[in-house]
Amino acid sequence: MAEKALLCVDLQYDFYEDGALAVPGASKINPRINELMDSDGYRTIAASQDWHPPEHMSFAKNHDKEPLAEYEGDNEGIGPVLWPEHCQQGTRGAAFHEDINTRRFDMIMRKGQKKMIDSYSAFQDNNGRDLGLADYFRGLDIEVIDIAGLALDVCVYYTVCDALKYGFDVNLIRPAARGVNARPGDVEEALKDMKDRGAEIIEDMENV
């Protein structure tokens, strides 16, 4: 049987209800995440963690813009939109949610640490620089990755796409993921594109 990993994306306070970049219904996935981690089906469990410096150039305030304004510069590592301040290093907003059993994490991949480059994906930054997660999984002979977390139509989406690009078989665990859906249809569009690229969309926890 192929070796399997679980990858939990950005389960941090700033992406939960009342956070700086709140995902509607985010807390509802916590029991599903813990259920996945409590199973014995994974060789390893990894988590990504957005970890920005205060001067990060994805923050709208650092451009004297309002949050969600379009980024108009020529830095391909930033954009296409500018975000409210979120997941700043060492703050509560950057911490993992207390209801998540973080003791089960074998590895944490911090991303977005460089001022000039954002990183939606846990595998590479927005300029395409490899972050080392693929090598971590390959070192454990992982072939299949189950991916869950926040937000389905942003960081989960880019993480799934890159996992496929790196040659892994990918399952998106739908009950354990939530999206922002800033524009109506964003979540469905992301799900369709992930499926078209080769990801399996798991709609029922019993099928994990």
# chains A, B, ... in the order shown; residues from 1 in each chain; ligands from 1
>>> residues_around(residues="range 39-50 of chain A", least_positions_apart="5", cutoff="7 Å", atoms="only C-alpha atoms", output="PyMOL selection string")
chain A and resi 3-10+87+94+104-112+122
>>> residues_around(residues="range 154-162 of chain A", least_positions_apart="6", cutoff="7 Å", atoms="only C-alpha atoms", output="list of chain:residue names")
A:Val9, A:Tyr120, A:Ser121, A:Ala122, A:Phe123, A:Val170, A:Ala190, A:Met194
>>> write_last_selection(atoms="N, CA and C atoms", output="mmCIF file, in the first residue's frame")
data_model
loop_
_atom_site.group_PDB
_atom_site.id
_atom_site.type_symbol
_atom_site.label_atom_id
_atom_site.label_comp_id
_atom_site.auth_asym_id
_atom_site.auth_seq_id
_atom_site.Cartn_x
_atom_site.Cartn_y
_atom_site.Cartn_z
ATOM 1 N N VAL A 9 -3.504 22.756 6.318
ATOM 2 C CA VAL A 9 -3.109 24.071 5.806
ATOM 3 C C VAL A 9 -3.653 25.203 6.682
ATOM 4 N N TYR A 120 1.301 31.395 -1.000
ATOM 5 C CA TYR A 120 -0.004 30.781 -0.777
ATOM 6 C C TYR A 120 0.139 29.277 -0.592
ATOM 7 N N SER A 121 1.011 28.674 -1.359
ATOM 8 C CA SER A 121 1.225 27.230 -1.319
ATOM 9 C C SER A 121 2.200 26.856 -0.210
ATOM 10 N N ALA A 122 2.010 25.661 0.347
ATOM 11 C CA ALA A 122 2.956 25.137 1.331
ATOM 12 C C ALA A 122 4.186 24.526 0.669
ATOM 13 N N PHE A 123 4.152 24.367 -0.650
ATOM 14 C CA PHE A 123 5.256 23.719 -1.359
ATOM 15 C C PHE A 123 6.252 24.702 -1.964
ATOM 16 N N VAL A 170 -3.199 13.296 -4.827
ATOM 17 C CA VAL A 170 -3.757 14.230 -3.849
ATOM 18 C C VAL A 170 -5.246 13.996 -3.658
ATOM 19 N N ALA A 190 -12.661 26.657 -7.634
ATOM 20 C CA ALA A 190 -11.433 26.034 -7.134
ATOM 21 C C ALA A 190 -11.565 24.516 -7.099
ATOM 22 N N MET A 194 -9.194 21.969 -9.242
ATOM 23 C CA MET A 194 -8.391 20.938 -8.580
ATOM 24 C C MET A 194 -8.715 19.556 -9.135
#
>>> residues_around(residues="Ala134 in chain A", least_positions_apart="2", cutoff="8 Å", atoms="only C-alpha atoms", output="number ranges by chain")
A: 123, 131-132, 136-138, 163, 166
>>> write_last_selection(atoms="N, CA and C atoms", output="PDB file, in the first residue's frame")
ATOM      1  N   PHE A 123       4.152  24.367  -0.650  1.00  0.00           N
ATOM      2  CA  PHE A 123       5.256  23.719  -1.359  1.00  0.00           C
ATOM      3  C   PHE A 123       6.252  24.702  -1.964  1.00  0.00           C
ATOM      4  N   LEU A 131      10.071  25.243  -1.145  1.00  0.00           N
ATOM      5  CA  LEU A 131      10.188  25.441   0.299  1.00  0.00           C
ATOM      6  C   LEU A 131      10.688  24.208   1.042  1.00  0.00           C
ATOM      7  N   GLY A 132      10.804  23.084   0.356  1.00  0.00           N
ATOM      8  CA  GLY A 132      11.360  21.896   0.982  1.00  0.00           C
ATOM      9  C   GLY A 132      10.359  20.853   1.430  1.00  0.00           C
ATOM     10  N   TYR A 136      10.681  16.652   1.996  1.00  0.00           N
ATOM     11  CA  TYR A 136      10.334  16.017   3.273  1.00  0.00           C
ATOM     12  C   TYR A 136       9.455  14.791   3.042  1.00  0.00           C
ATOM     13  N   PHE A 137       8.425  14.960   2.226  1.00  0.00           N
ATOM     14  CA  PHE A 137       7.528  13.837   1.949  1.00  0.00           C
ATOM     15  C   PHE A 137       8.240  12.725   1.182  1.00  0.00           C
ATOM     16  N   ARG A 138       9.037  13.103   0.208  1.00  0.00           N
ATOM     17  CA  ARG A 138       9.750  12.088  -0.573  1.00  0.00           C
ATOM     18  C   ARG A 138      10.711  11.290   0.298  1.00  0.00           C
ATOM     19  N   ALA A 163       1.139  20.283  -5.029  1.00  0.00           N
ATOM     20  CA  ALA A 163       1.364  18.879  -4.674  1.00  0.00           C
ATOM     21  C   ALA A 163       1.219  17.992  -5.906  1.00  0.00           C
ATOM     22  N   TYR A 166       4.224  18.392  -8.143  1.00  0.00           N
ATOM     23  CA  TYR A 166       5.387  17.665  -7.644  1.00  0.00           C
ATOM     24  C   TYR A 166       5.246  16.150  -7.791  1.00  0.00           C
TER      25      TYR A 166
END
>>> select_by_dssp(residues="range 24-205 of chain A", states="strand (DSSP E)", output="VMD selection string")
chain A and resid 44 to 50 107 to 111 142 to 150 169 to 178 200 to 202
>>> write_last_selection(atoms="C-alpha atoms", output="PDB file, in the first residue's frame")
ATOM      1  CA  THR A  44       3.356  11.571   8.793  1.00  0.00           C
ATOM      2  CA  ILE A  45       1.234  14.629   9.573  1.00  0.00           C
ATOM      3  CA  ALA A  46       2.490  18.031   8.427  1.00  0.00           C
ATOM      4  CA  ALA A  47       1.063  21.520   8.849  1.00  0.00           C
ATOM      5  CA  SER A  48       1.668  24.809   7.077  1.00  0.00           C
ATOM      6  CA  GLN A  49       1.749  28.084   9.000  1.00  0.00           C
ATOM      7  CA  ASP A  50       1.506  31.572   7.506  1.00  0.00           C
ATOM      8  CA  MET A 107       6.492  18.831  10.816  1.00  0.00           C
ATOM      9  CA  ILE A 108       5.517  22.510  10.474  1.00  0.00           C
ATOM     10  CA  MET A 109       6.262  24.427   7.274  1.00  0.00           C
ATOM     11  CA  ARG A 110       6.290  28.180   7.889  1.00  0.00           C
ATOM     12  CA  LYS A 111       5.654  30.257   4.794  1.00  0.00           C
ATOM     13  CA  ILE A 142       5.058   9.419   0.600  1.00  0.00           C
ATOM     14  CA  GLU A 143       3.026   8.913  -2.561  1.00  0.00           C
ATOM     15  CA  VAL A 144      -0.432  10.117  -1.478  1.00  0.00           C
ATOM     16  CA  ILE A 145      -1.275  13.335   0.386  1.00  0.00           C
ATOM     17  CA  ASP A 146      -4.617  14.117   2.004  1.00  0.00           C
ATOM     18  CA  ILE A 147      -4.989  17.909   2.217  1.00  0.00           C
ATOM     19  CA  ALA A 148      -7.355  19.857   4.486  1.00  0.00           C
ATOM     20  CA  GLY A 149      -7.580  23.293   6.075  1.00  0.00           C
ATOM     21  CA  LEU A 150      -8.024  26.988   5.261  1.00  0.00           C
ATOM     22  CA  ASP A 169      -1.496  11.765  -5.665  1.00  0.00           C
ATOM     23  CA  VAL A 170      -3.757  14.230  -3.849  1.00  0.00           C
ATOM     24  CA  ASN A 171      -7.047  13.924  -2.004  1.00  0.00           C
ATOM     25  CA  LEU A 172      -8.808  17.138  -0.967  1.00  0.00           C
ATOM     26  CA  ILE A 173     -10.830  16.308   2.152  1.00  0.00           C
ATOM     27  CA  ARG A 174     -13.881  18.480   1.548  1.00  0.00           C
ATOM     28  CA  PRO A 175     -15.526  18.183   5.026  1.00  0.00           C
ATOM     29  CA  ALA A 176     -12.222  19.336   6.574  1.00  0.00           C
ATOM     30  CA  ALA A 177     -11.794  22.461   4.430  1.00  0.00           C
ATOM     31  CA  ARG A 178     -13.588  25.813   4.177  1.00  0.00           C
ATOM     32  CA  GLU A 200      -9.634  13.509  -5.869  1.00  0.00           C
ATOM     33  CA  ILE A 201     -12.335  15.449  -4.006  1.00  0.00           C
ATOM     34  CA  ILE A 202     -13.379  13.387  -0.978  1.00  0.00           C
TER      35      ILE A 202
END
>>> select_by_dssp(residues="chain A", states="alpha helix (DSSP H)", output="PDB file with C-alpha atoms, in the first residue's frame")
ATOM      1  CA  ASN A  30     -11.753  21.378  13.715  1.00  0.00           C
ATOM      2  CA  PRO A  31     -13.414  18.099  14.747  1.00  0.00           C
ATOM      3  CA  ARG A  32     -12.840  16.753  11.236  1.00  0.00           C
ATOM      4  CA  ILE A  33      -9.164  17.726  11.327  1.00  0.00           C
ATOM      5  CA  ASN A  34      -8.687  16.011  14.684  1.00  0.00           C
ATOM      6  CA  GLU A  35     -10.549  12.961  13.436  1.00  0.00           C
ATOM      7  CA  LEU A  36      -8.147  12.697  10.520  1.00  0.00           C
ATOM      8  CA  MET A  37      -5.124  13.105  12.784  1.00  0.00           C
ATOM      9  CA  ASP A  38      -6.409  10.458  15.187  1.00  0.00           C
ATOM     10  CA  LEU A 133       8.063  20.213   1.810  1.00  0.00           C
ATOM     11  CA  ALA A 134       8.124  17.940  -1.232  1.00  0.00           C
ATOM     12  CA  ASP A 135      11.576  16.669  -0.261  1.00  0.00           C
ATOM     13  CA  TYR A 136      10.334  16.017   3.273  1.00  0.00           C
ATOM     14  CA  PHE A 137       7.528  13.837   1.949  1.00  0.00           C
ATOM     15  CA  ARG A 138       9.750  12.088  -0.573  1.00  0.00           C
ATOM     16  CA  GLY A 139      12.201  11.263   2.193  1.00  0.00           C
ATOM     17  CA  CYS A 155      -3.927  28.519   0.213  1.00  0.00           C
ATOM     18  CA  VAL A 156      -5.496  25.047   0.136  1.00  0.00           C
ATOM     19  CA  TYR A 157      -6.083  25.433  -3.599  1.00  0.00           C
ATOM     20  CA  TYR A 158      -2.507  26.476  -4.378  1.00  0.00           C
ATOM     21  CA  THR A 159      -1.127  23.765  -2.105  1.00  0.00           C
ATOM     22  CA  VAL A 160      -3.174  21.082  -3.862  1.00  0.00           C
ATOM     23  CA  CYS A 161      -2.088  22.335  -7.287  1.00  0.00           C
ATOM     24  CA  ASP A 162       1.583  22.299  -6.325  1.00  0.00           C
ATOM     25  CA  ALA A 163       1.364  18.879  -4.674  1.00  0.00           C
ATOM     26  CA  LEU A 164       0.051  17.537  -7.968  1.00  0.00           C
ATOM     27  CA  LYS A 165       2.804  19.352  -9.855  1.00  0.00           C
ATOM     28  CA  ASP A 186     -14.856  30.977  -5.992  1.00  0.00           C
ATOM     29  CA  VAL A 187     -15.060  27.751  -3.989  1.00  0.00           C
ATOM     30  CA  GLU A 188     -16.816  25.799  -6.721  1.00  0.00           C
ATOM     31  CA  GLU A 189     -14.368  27.110  -9.302  1.00  0.00           C
ATOM     32  CA  ALA A 190     -11.433  26.034  -7.134  1.00  0.00           C
ATOM     33  CA  LEU A 191     -12.926  22.577  -6.585  1.00  0.00           C
ATOM     34  CA  LYS A 192     -13.502  22.105 -10.306  1.00  0.00           C
ATOM     35  CA  ASP A 193      -9.984  23.196 -11.198  1.00  0.00           C
ATOM     36  CA  MET A 194      -8.391  20.938  -8.580  1.00  0.00           C
ATOM     37  CA  LYS A 195     -10.408  18.012  -9.884  1.00  0.00           C
ATOM     38  CA  ASP A 196      -9.537  18.839 -13.499  1.00  0.00           C
ATOM     39  CA  ARG A 197      -5.854  18.858 -12.547  1.00  0.00           C
TER      40      ARG A 197
END
>>> closest_residue(among="A:Asn207, A:Gln113, A:Asn181, A:Gln124", to="Leu21 in chain A", atoms="only C-alpha atoms")
A:Asn181
>>> atom_distance(atom1="CA of Pro84 in chain A", atom2="CA of Asn62 in chain A")
9.8 Å
>>> closest_residue(among="A:Met1, A:Ala69, A:Leu11, A:Ala199", to="Ala95 in chain A", atoms="only C-alpha atoms")
A:Leu11
>>> residues_around(residues="Gly19 in chain A", least_positions_apart="5", cutoff="9 Å", atoms="only C-alpha atoms", output="list in words")
Gln12, Tyr13, Asp14, His86 and Gly93 of chain A
>>> decode(residues="range 85-129 of chain A", atoms="C-alpha atoms", output="mmCIF file, in the first residue's frame")
data_model
loop_
_atom_site.group_PDB
_atom_site.id
_atom_site.type_symbol
_atom_site.label_atom_id
_atom_site.label_comp_id
_atom_site.auth_asym_id
_atom_site.auth_seq_id
_atom_site.Cartn_x
_atom_site.Cartn_y
_atom_site.Cartn_z
ATOM 1 C CA GLU A 85 -2.515 42.420 8.317
ATOM 2 C CA HIS A 86 -2.654 38.783 9.320
ATOM 3 C CA CYS A 87 -0.580 35.956 10.796
ATOM 4 C CA GLN A 88 2.180 38.271 11.972
ATOM 5 C CA GLN A 89 5.078 36.383 13.489
ATOM 6 C CA GLY A 90 4.660 35.712 17.201
ATOM 7 C CA THR A 91 1.095 37.034 17.472
ATOM 8 C CA ARG A 92 -1.998 35.165 18.575
ATOM 9 C CA GLY A 93 -3.378 35.486 15.061
ATOM 10 C CA ALA A 94 -0.477 33.437 13.732
ATOM 11 C CA ALA A 95 -0.918 30.692 16.342
ATOM 12 C CA PHE A 96 -2.666 27.427 15.604
ATOM 13 C CA HIS A 97 -6.234 27.226 16.899
ATOM 14 C CA GLU A 98 -6.368 25.822 20.416
ATOM 15 C CA ASP A 99 -8.906 23.151 19.438
ATOM 16 C CA ILE A 100 -6.450 21.568 16.998
ATOM 17 C CA ASN A 101 -4.363 18.748 18.465
ATOM 18 C CA THR A 102 -1.059 20.228 17.341
ATOM 19 C CA ARG A 103 0.877 17.558 19.228
ATOM 20 C CA ARG A 104 0.125 15.321 16.276
ATOM 21 C CA PHE A 105 2.085 17.557 13.895
ATOM 22 C CA ASP A 106 5.345 15.887 12.904
ATOM 23 C CA MET A 107 6.492 18.831 10.816
ATOM 24 C CA ILE A 108 5.517 22.510 10.474
ATOM 25 C CA MET A 109 6.262 24.427 7.274
ATOM 26 C CA ARG A 110 6.290 28.180 7.889
ATOM 27 C CA LYS A 111 5.654 30.257 4.794
ATOM 28 C CA GLY A 112 5.469 33.912 3.789
ATOM 29 C CA GLN A 113 8.431 34.857 5.984
ATOM 30 C CA LYS A 114 10.221 37.013 3.410
ATOM 31 C CA LYS A 115 9.091 40.635 3.215
ATOM 32 C CA MET A 116 8.878 40.840 -0.572
ATOM 33 C CA ILE A 117 7.397 37.427 -1.400
ATOM 34 C CA ASP A 118 4.097 35.849 -0.404
ATOM 35 C CA SER A 119 3.507 32.122 -0.330
ATOM 36 C CA TYR A 120 -0.004 30.781 -0.777
ATOM 37 C CA SER A 121 1.225 27.230 -1.319
ATOM 38 C CA ALA A 122 2.956 25.137 1.331
ATOM 39 C CA PHE A 123 5.256 23.719 -1.359
ATOM 40 C CA GLN A 124 6.675 26.856 -2.981
ATOM 41 C CA ASP A 125 6.466 30.621 -2.707
ATOM 42 C CA ASN A 126 4.698 32.839 -5.222
ATOM 43 C CA ASN A 127 7.929 33.215 -7.199
ATOM 44 C CA GLY A 128 8.201 29.446 -7.555
ATOM 45 C CA ARG A 129 10.982 28.901 -4.990
#
